[in-house]
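I have placed the structure first, in the form of structure tokens, so that the comments after it can refer back to it.
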Amino acid sequence: MIDHDFEPDQETFAIVVLGDFNPAIFHPAWFSANQLLPEEETREAEIAVITKEVAAFVVGNIHVQVDPVRFGLTTTQSTRGPVLRDVASGTLSVLEHTPLSAIGLNLDLQFHMPSEADWHRIGHALAPKELWTPFLEEPGMRHLVIEGTRPGCDAQRIHIQVQPIFSPKWSILVRINQHYRIDTADRPEVSDRHDAATRILDRDWPSFCSFAKQTAAKLLADCLQKS
Amino acid sequence: MKLAEPLTTADIENDNSVLASQPPSADDWIKPELETSWTETYAGSKVPSQETKVPKAVSYSAPINRQRLTTPSPPSQIKMLQQWECVIHEVSEECVSCELHDLTDSLCPTEFAEIYVSEFSDFDRPLLEEGAVFYWSVGRETSKTGQVRRYSELRLRRMPPLSKSKRREITRKAQQLGQLLIDSCR
């Protein structure tokens with residue numbers, strides 16, 4: 001029996017909220033003025049662009065990207081997971097009159113496989129090649145997305161995507177997205193939708209992160225055991 | 001014919017020049033990624049997708065300077081070993097007494113600790129007070145040259161002040177609960 005204890009080499013956390021946003025107001029100074037980030041950090045922010053159509057900058061290892069229908073925060077620093085949640089939650093709290101429609105929690109995990117053979121075995125286990133060999137020579141898995149739900153979670157759907165990475169060699173990327181629709185008929189008011197979004201961030205973010213990490217590691221370990 | 005290696009988010013994150021060196025038309029694998037980016041939204045002519053996945057624009061967004069938007073490789077990699085959410089019980093001149101809740105493993109019992117005030121960042125010290133929350137992350141930091149160091153970070157949780165309407169709503173709910181208690185005691 002093969003026993004692999006997979007640890008990700010890199011983690012990318014992201015929170016994406018859909019709604020009606022005004023990108024022009026999103027400036028690093030706005031985050032410190034609203035006590036969401038320390039002023040010392042926002043002064044050092046790297047601004048890519050801030051216009052009426054889009055705002056994009058990096059502040060305190062958090063990438064902020066906003067367009068008229070989407071507000072997104074991303075970080076690749078594993079210690080920043082809770083801070084990302086706090087900034088997202090705080091931002092929605094400040095923008096209490098902004099209509100929101102959906103929210104997504106995301107974690108991308110990059111794993112290095114012990115060998116090339118193990119790397120191939122992941123693909124073979126997830127997408128057996130017998131079905132494809134009549135049509136293709138040397139068929140290989142490039143992307144696989146599985147959709148589902150999980151018990152005890154209000155999310156409408158969870159996407160788990162697995163794909164190979166070629167640099168660094170023999171790596172696998174597992175991307176997990178937990179998607180919630182919040183513009184449902186039982187939440188007619190803007191404030192109801194804000195409450196729902198805040199609850200999701202406060203209550204579900206820690207459990208989502210644990211779920212994503214455990215799922216990705218166990219999925220890869222199970223693939224190697226199976227094949 | 002041998003296909004070019006597909007372009008992945010990680011490829012681009014690791015190498016900002018990868019798109020420039022591989023024109024999209026030369027590789028079918030690039031196309032689907034580029035077609036589903038935020039670019040559609042910026043152009044204003046197409047209905048943006050209703051996905052809440054990590055926005056593609058983090059990696060590639062044609063109208064904007066892509067290099068500035070790309071998640072750059074950090075100067076060092078931090079491997080987090082443990083993280084706690086800490087609630088401050090008491091703040092003295094030199095020390096902060098706190099209760100530690102393990103975020104890495106929620107089954108771990110609550111612990112208690114005293115941490116020197118000098119361990120906190122200057123900008124966080126004014127926020128140290130009873131009830132405040134901070135995160136303590138411990139791990140290993142590996143520099144680009146491979147040098148490994150111990151890593152420890154204390155970070156105060158920041159939340160915006162409650163708005164008037166939120167305060168009113170909380171007050172109303174508290175009054176309702178209070179009334180329920182009074183009624184149940186009668």
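Each chain in the structure tokens gets a letter, A, B and so on, in the order shown; residues start at 1 in every chain, and ligands are counted from 1 in the order they appear.
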
For this session: Give the residues of chain B that lie within 6 Å of chain A; count only C-alpha atoms, and format the answer as a list of chain:residue names.
Result: B:Thr52, B:Lys53, B:Arg68, B:Arg158, B:Met159, B:Pro160

Those selected residues, please, written with N, CA and C atoms and delivered as a PDB file, in the first residue's frame.
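Writing done, so here's selection-v3.pdb:
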```pdb
ATOM      1  N   THR B  52     -17.698  32.684  -9.960  1.00  0.00           N
ATOM      2  CA  THR B  52     -17.004  33.301  -8.834  1.00  0.00           C
ATOM      3  C   THR B  52     -15.664  32.630  -8.605  1.00  0.00           C
ATOM      4  N   LYS B  53     -15.144  32.022  -9.666  1.00  0.00           N
ATOM      5  CA  LYS B  53     -13.819  31.424  -9.534  1.00  0.00           C
ATOM      6  C   LYS B  53     -12.784  32.533  -9.526  1.00  0.00           C
ATOM      7  N   ARG B  68       1.874  43.999 -14.217  1.00  0.00           N
ATOM      8  CA  ARG B  68       1.539  44.596 -12.932  1.00  0.00           C
ATOM      9  C   ARG B  68       0.410  43.851 -12.247  1.00  0.00           C
ATOM     10  N   ARG B 158      -8.559  43.677  11.737  1.00  0.00           N
ATOM     11  CA  ARG B 158      -9.124  45.014  11.584  1.00  0.00           C
ATOM     12  C   ARG B 158     -10.516  44.912  11.000  1.00  0.00           C
ATOM     13  N   MET B 159     -11.430  45.579  11.610  1.00  0.00           N
ATOM     14  CA  MET B 159     -12.801  45.617  11.085  1.00  0.00           C
ATOM     15  C   MET B 159     -13.270  47.063  11.090  1.00  0.00           C
ATOM     16  N   PRO B 160     -14.050  47.438  10.101  1.00  0.00           N
ATOM     17  CA  PRO B 160     -14.530  48.825  10.068  1.00  0.00           C
ATOM     18  C   PRO B 160     -15.540  49.067  11.174  1.00  0.00           C
TER      19      PRO B 160
END
```

For this session: Would you list the contacts of A:Gly140 as a PyMOL selection string, taking every protein, DNA or RNA residue within 10 Å and counting only C-alpha atoms, but skipping same-chain residues closer than 6 positions in sequence?
Result: chain A and resi 120+123-124+127-129+132+164

Atoms kept (N, CA and C atoms) for selection, written as a PDB file, in the first residue's frame:
```
ATOM      1  N   HIS A 120       1.906  10.934 -13.920  1.00  0.00           N
ATOM      2  CA  HIS A 120       1.053  10.324 -14.941  1.00  0.00           C
ATOM      3  C   HIS A 120      -0.073   9.498 -14.310  1.00  0.00           C
ATOM      4  N   GLY A 123      -3.261  11.432 -13.598  1.00  0.00           N
ATOM      5  CA  GLY A 123      -4.089  11.629 -14.789  1.00  0.00           C
ATOM      6  C   GLY A 123      -4.795  10.349 -15.206  1.00  0.00           C
ATOM      7  N   HIS A 124      -4.082   9.232 -15.139  1.00  0.00           N
ATOM      8  CA  HIS A 124      -4.695   7.952 -15.531  1.00  0.00           C
ATOM      9  C   HIS A 124      -5.848   7.581 -14.589  1.00  0.00           C
ATOM     10  N   ALA A 127      -8.781  10.236 -15.305  1.00  0.00           N
ATOM     11  CA  ALA A 127      -9.342  10.130 -16.663  1.00  0.00           C
ATOM     12  C   ALA A 127      -8.730   8.908 -17.341  1.00  0.00           C
ATOM     13  N   PRO A 128      -9.325   7.729 -17.106  1.00  0.00           N
ATOM     14  CA  PRO A 128      -8.759   6.501 -17.700  1.00  0.00           C
ATOM     15  C   PRO A 128      -8.670   6.640 -19.223  1.00  0.00           C
ATOM     16  N   LYS A 129      -7.588   6.149 -19.788  1.00  0.00           N
ATOM     17  CA  LYS A 129      -7.314   6.406 -21.213  1.00  0.00           C
ATOM     18  C   LYS A 129      -7.943   5.387 -22.155  1.00  0.00           C
ATOM     19  N   TRP A 132     -10.242   6.639 -24.754  1.00  0.00           N
ATOM     20  CA  TRP A 132      -9.721   7.597 -25.738  1.00  0.00           C
ATOM     21  C   TRP A 132      -8.751   6.989 -26.737  1.00  0.00           C
ATOM     22  N   PRO A 164      -2.548  19.301 -14.922  1.00  0.00           N
ATOM     23  CA  PRO A 164      -1.096  19.169 -14.752  1.00  0.00           C
ATOM     24  C   PRO A 164      -0.410  20.516 -14.892  1.00  0.00           C
TER      25      PRO A 164
END
```

Seminar exercise, completed: Nearest to B:Ile78, restricted to only C-alpha atoms and choosing among B:Ser152, B:Ser92, B:Ser184, B:Thr110, comes out as B:Ser152

All strand (DSSP E) positions in stretch 7-144 of chain A, as a PDB file with N, CA and C atoms, in the first residue's frame:
```
ATOM      1  N   GLN A  10       2.432  25.429  -3.013  1.00  0.00           N
ATOM      2  CA  GLN A  10       1.949  26.818  -3.081  1.00  0.00           C
ATOM      3  C   GLN A  10       0.437  26.843  -2.936  1.00  0.00           C
ATOM      4  N   GLU A  11      -0.044  27.840  -2.209  1.00  0.00           N
ATOM      5  CA  GLU A  11      -1.496  27.996  -2.027  1.00  0.00           C
ATOM      6  C   GLU A  11      -1.895  29.395  -2.500  1.00  0.00           C
ATOM      7  N   THR A  12      -2.990  29.471  -3.210  1.00  0.00           N
ATOM      8  CA  THR A  12      -3.522  30.770  -3.627  1.00  0.00           C
ATOM      9  C   THR A  12      -4.963  30.872  -3.141  1.00  0.00           C
ATOM     10  N   PHE A  13      -5.190  31.800  -2.240  1.00  0.00           N
ATOM     11  CA  PHE A  13      -6.534  32.012  -1.694  1.00  0.00           C
ATOM     12  C   PHE A  13      -7.198  33.144  -2.477  1.00  0.00           C
ATOM     13  N   ALA A  14      -8.482  32.996  -2.735  1.00  0.00           N
ATOM     14  CA  ALA A  14      -9.195  34.090  -3.412  1.00  0.00           C
ATOM     15  C   ALA A  14     -10.652  34.122  -2.982  1.00  0.00           C
ATOM     16  N   ILE A  15     -11.151  35.331  -2.876  1.00  0.00           N
ATOM     17  CA  ILE A  15     -12.581  35.543  -2.597  1.00  0.00           C
ATOM     18  C   ILE A  15     -13.106  36.451  -3.706  1.00  0.00           C
ATOM     19  N   VAL A  16     -14.176  36.018  -4.356  1.00  0.00           N
ATOM     20  CA  VAL A  16     -14.747  36.785  -5.463  1.00  0.00           C
ATOM     21  C   VAL A  16     -16.221  37.057  -5.150  1.00  0.00           C
ATOM     22  N   VAL A  17     -16.606  38.319  -5.229  1.00  0.00           N
ATOM     23  CA  VAL A  17     -18.006  38.677  -4.988  1.00  0.00           C
ATOM     24  C   VAL A  17     -18.564  39.317  -6.255  1.00  0.00           C
ATOM     25  N   LEU A  18     -19.732  38.865  -6.690  1.00  0.00           N
ATOM     26  CA  LEU A  18     -20.389  39.468  -7.844  1.00  0.00           C
ATOM     27  C   LEU A  18     -21.457  40.443  -7.360  1.00  0.00           C
ATOM     28  N   GLY A  19     -21.577  41.552  -8.054  1.00  0.00           N
ATOM     29  CA  GLY A  19     -22.552  42.574  -7.654  1.00  0.00           C
ATOM     30  C   GLY A  19     -22.379  43.801  -8.518  1.00  0.00           C
ATOM     31  N   GLU A  46       1.152  48.770  -4.492  1.00  0.00           N
ATOM     32  CA  GLU A  46       1.561  48.892  -5.901  1.00  0.00           C
ATOM     33  C   GLU A  46       0.288  49.003  -6.728  1.00  0.00           C
ATOM     34  N   ILE A  47       0.063  50.180  -7.250  1.00  0.00           N
ATOM     35  CA  ILE A  47      -1.166  50.394  -8.020  1.00  0.00           C
ATOM     36  C   ILE A  47      -0.920  50.110  -9.495  1.00  0.00           C
ATOM     37  N   ALA A  48      -1.710  49.200 -10.058  1.00  0.00           N
ATOM     38  CA  ALA A  48      -1.610  48.912 -11.491  1.00  0.00           C
ATOM     39  C   ALA A  48      -2.514  49.861 -12.258  1.00  0.00           C
ATOM     40  N   VAL A  49      -3.754  49.966 -11.816  1.00  0.00           N
ATOM     41  CA  VAL A  49      -4.683  50.844 -12.507  1.00  0.00           C
ATOM     42  C   VAL A  49      -5.878  51.136 -11.590  1.00  0.00           C
ATOM     43  N   ILE A  50      -6.355  52.349 -11.614  1.00  0.00           N
ATOM     44  CA  ILE A  50      -7.626  52.676 -10.943  1.00  0.00           C
ATOM     45  C   ILE A  50      -8.395  53.609 -11.879  1.00  0.00           C
ATOM     46  N   ALA A  55     -10.243  48.605 -11.137  1.00  0.00           N
ATOM     47  CA  ALA A  55      -9.219  48.963 -10.159  1.00  0.00           C
ATOM     48  C   ALA A  55      -8.404  47.709  -9.889  1.00  0.00           C
ATOM     49  N   ALA A  56      -7.103  47.836  -9.906  1.00  0.00           N
ATOM     50  CA  ALA A  56      -6.237  46.687  -9.659  1.00  0.00           C
ATOM     51  C   ALA A  56      -4.978  47.161  -8.955  1.00  0.00           C
ATOM     52  N   PHE A  57      -4.725  46.612  -7.802  1.00  0.00           N
ATOM     53  CA  PHE A  57      -3.503  46.956  -7.068  1.00  0.00           C
ATOM     54  C   PHE A  57      -3.179  45.857  -6.065  1.00  0.00           C
ATOM     55  N   VAL A  58      -1.957  45.921  -5.553  1.00  0.00           N
ATOM     56  CA  VAL A  58      -1.498  44.955  -4.561  1.00  0.00           C
ATOM     57  C   VAL A  58      -1.211  45.721  -3.283  1.00  0.00           C
ATOM     58  N   VAL A  59      -1.800  45.267  -2.206  1.00  0.00           N
ATOM     59  CA  VAL A  59      -1.554  45.916  -0.921  1.00  0.00           C
ATOM     60  C   VAL A  59      -1.403  44.842   0.157  1.00  0.00           C
ATOM     61  N   ILE A  62      -1.953  41.326  -0.761  1.00  0.00           N
ATOM     62  CA  ILE A  62      -3.303  41.012  -1.243  1.00  0.00           C
ATOM     63  C   ILE A  62      -3.530  41.737  -2.571  1.00  0.00           C
ATOM     64  N   HIS A  63      -3.928  40.972  -3.576  1.00  0.00           N
ATOM     65  CA  HIS A  63      -4.227  41.547  -4.886  1.00  0.00           C
ATOM     66  C   HIS A  63      -5.706  41.908  -4.908  1.00  0.00           C
ATOM     67  N   VAL A  64      -5.980  43.166  -5.164  1.00  0.00           N
ATOM     68  CA  VAL A  64      -7.366  43.652  -5.220  1.00  0.00           C
ATOM     69  C   VAL A  64      -7.700  43.911  -6.683  1.00  0.00           C
ATOM     70  N   GLN A  65      -8.787  43.341  -7.146  1.00  0.00           N
ATOM     71  CA  GLN A  65      -9.232  43.605  -8.515  1.00  0.00           C
ATOM     72  C   GLN A  65     -10.739  43.825  -8.505  1.00  0.00           C
ATOM     73  N   VAL A  66     -11.142  44.962  -9.037  1.00  0.00           N
ATOM     74  CA  VAL A  66     -12.566  45.297  -9.039  1.00  0.00           C
ATOM     75  C   VAL A  66     -12.965  45.779 -10.425  1.00  0.00           C
ATOM     76  N   ASP A  67     -14.054  45.282 -10.922  1.00  0.00           N
ATOM     77  CA  ASP A  67     -14.662  45.851 -12.130  1.00  0.00           C
ATOM     78  C   ASP A  67     -16.136  46.083 -11.816  1.00  0.00           C
ATOM     79  N   ARG A  70     -17.666  42.797 -10.424  1.00  0.00           N
ATOM     80  CA  ARG A  70     -16.911  41.809  -9.671  1.00  0.00           C
ATOM     81  C   ARG A  70     -15.897  42.465  -8.745  1.00  0.00           C
ATOM     82  N   PHE A  71     -15.800  41.930  -7.534  1.00  0.00           N
ATOM     83  CA  PHE A  71     -14.811  42.382  -6.565  1.00  0.00           C
ATOM     84  C   PHE A  71     -14.009  41.140  -6.162  1.00  0.00           C
ATOM     85  N   GLY A  72     -12.717  41.186  -6.371  1.00  0.00           N
ATOM     86  CA  GLY A  72     -11.910  39.994  -6.095  1.00  0.00           C
ATOM     87  C   GLY A  72     -10.677  40.308  -5.278  1.00  0.00           C
ATOM     88  N   LEU A  73     -10.391  39.432  -4.317  1.00  0.00           N
ATOM     89  CA  LEU A  73      -9.187  39.542  -3.505  1.00  0.00           C
ATOM     90  C   LEU A  73      -8.424  38.237  -3.633  1.00  0.00           C
ATOM     91  N   THR A  74      -7.126  38.315  -3.826  1.00  0.00           N
ATOM     92  CA  THR A  74      -6.312  37.114  -3.996  1.00  0.00           C
ATOM     93  C   THR A  74      -5.016  37.268  -3.215  1.00  0.00           C
ATOM     94  N   THR A  75      -4.559  36.191  -2.626  1.00  0.00           N
ATOM     95  CA  THR A  75      -3.232  36.212  -2.008  1.00  0.00           C
ATOM     96  C   THR A  75      -2.569  34.851  -2.193  1.00  0.00           C
ATOM     97  N   LEU A 100     -25.540  42.749  -4.135  1.00  0.00           N
ATOM     98  CA  LEU A 100     -24.652  41.597  -4.335  1.00  0.00           C
ATOM     99  C   LEU A 100     -25.470  40.452  -4.928  1.00  0.00           C
ATOM    100  N   SER A 101     -24.826  39.629  -5.755  1.00  0.00           N
ATOM    101  CA  SER A 101     -25.572  38.517  -6.355  1.00  0.00           C
ATOM    102  C   SER A 101     -24.955  37.147  -6.084  1.00  0.00           C
ATOM    103  N   ALA A 102     -23.653  37.075  -5.927  1.00  0.00           N
ATOM    104  CA  ALA A 102     -23.032  35.762  -5.705  1.00  0.00           C
ATOM    105  C   ALA A 102     -21.684  35.949  -5.022  1.00  0.00           C
ATOM    106  N   ILE A 103     -21.231  34.887  -4.410  1.00  0.00           N
ATOM    107  CA  ILE A 103     -19.919  34.946  -3.754  1.00  0.00           C
ATOM    108  C   ILE A 103     -19.223  33.597  -3.956  1.00  0.00           C
ATOM    109  N   GLY A 104     -17.935  33.650  -4.172  1.00  0.00           N
ATOM    110  CA  GLY A 104     -17.174  32.417  -4.383  1.00  0.00           C
ATOM    111  C   GLY A 104     -15.928  32.380  -3.521  1.00  0.00           C
ATOM    112  N   LEU A 105     -15.704  31.245  -2.894  1.00  0.00           N
ATOM    113  CA  LEU A 105     -14.492  31.031  -2.103  1.00  0.00           C
ATOM    114  C   LEU A 105     -13.591  30.117  -2.932  1.00  0.00           C
ATOM    115  N   ASN A 106     -12.336  30.472  -3.020  1.00  0.00           N
ATOM    116  CA  ASN A 106     -11.431  29.725  -3.903  1.00  0.00           C
ATOM    117  C   ASN A 106     -10.114  29.407  -3.215  1.00  0.00           C
ATOM    118  N   LEU A 107      -9.629  28.213  -3.465  1.00  0.00           N
ATOM    119  CA  LEU A 107      -8.273  27.869  -3.027  1.00  0.00           C
ATOM    120  C   LEU A 107      -7.626  27.030  -4.116  1.00  0.00           C
ATOM    121  N   ASP A 108      -6.487  27.498  -4.601  1.00  0.00           N
ATOM    122  CA  ASP A 108      -5.698  26.746  -5.583  1.00  0.00           C
ATOM    123  C   ASP A 108      -4.495  26.159  -4.854  1.00  0.00           C
ATOM    124  N   LEU A 109      -4.273  24.875  -5.041  1.00  0.00           N
ATOM    125  CA  LEU A 109      -3.154  24.227  -4.363  1.00  0.00           C
ATOM    126  C   LEU A 109      -2.263  23.551  -5.399  1.00  0.00           C
ATOM    127  N   GLN A 110      -0.982  23.834  -5.294  1.00  0.00           N
ATOM    128  CA  GLN A 110      -0.031  23.258  -6.236  1.00  0.00           C
ATOM    129  C   GLN A 110       0.825  22.206  -5.516  1.00  0.00           C
ATOM    130  N   PHE A 111       0.830  21.005  -6.061  1.00  0.00           N
ATOM    131  CA  PHE A 111       1.560  19.902  -5.435  1.00  0.00           C
ATOM    132  C   PHE A 111       2.662  19.415  -6.370  1.00  0.00           C
ATOM    133  N   HIS A 112       3.790  19.083  -5.789  1.00  0.00           N
ATOM    134  CA  HIS A 112       4.858  18.476  -6.578  1.00  0.00           C
ATOM    135  C   HIS A 112       4.775  16.968  -6.390  1.00  0.00           C
ATOM    136  N   LEU A 144      -9.597  18.683 -15.745  1.00  0.00           N
ATOM    137  CA  LEU A 144     -10.761  17.892 -15.348  1.00  0.00           C
ATOM    138  C   LEU A 144     -11.510  18.724 -14.311  1.00  0.00           C
TER     139      LEU A 144
END
```

For this session: Quote the spacing between atom CA of A:Pro134 and atom CA of A:Ile122 in Å to one decimal place.
Result: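 Value for the atom CA of A:Pro134-atom CA of A:Ile122 distance: 21.1 Å.
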
Problem set entry | Point-to-point distance from atom CA of B:Asp105 to atom CA of A:Leu220, Å rounded to tenths |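 Separation of atom CA of B:Asp105 and atom CA of A:Leu220: 20.8 Å.
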
For this session: Kindly give the distance, in Å, that separates atom CA of A:Gly81 and atom CA of B:Gln83, rounded to a single decimal.
Result: 10.2 Å

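Excluding B:Glu94 itself and same-chain residues fewer than 2 positions from it, the residues having an atom within 9 Å of it are Val91, Ser92, Val96, Ile115, Tyr116, Val117 and Ser118 of chain B, counting only C-alpha atoms.
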
Problem set entry | Counting only C-alpha atoms, the option among A:Arg43, A:Arg150, A:Lys226, A:Arg193 closest to A:Ala212 | A:Arg150
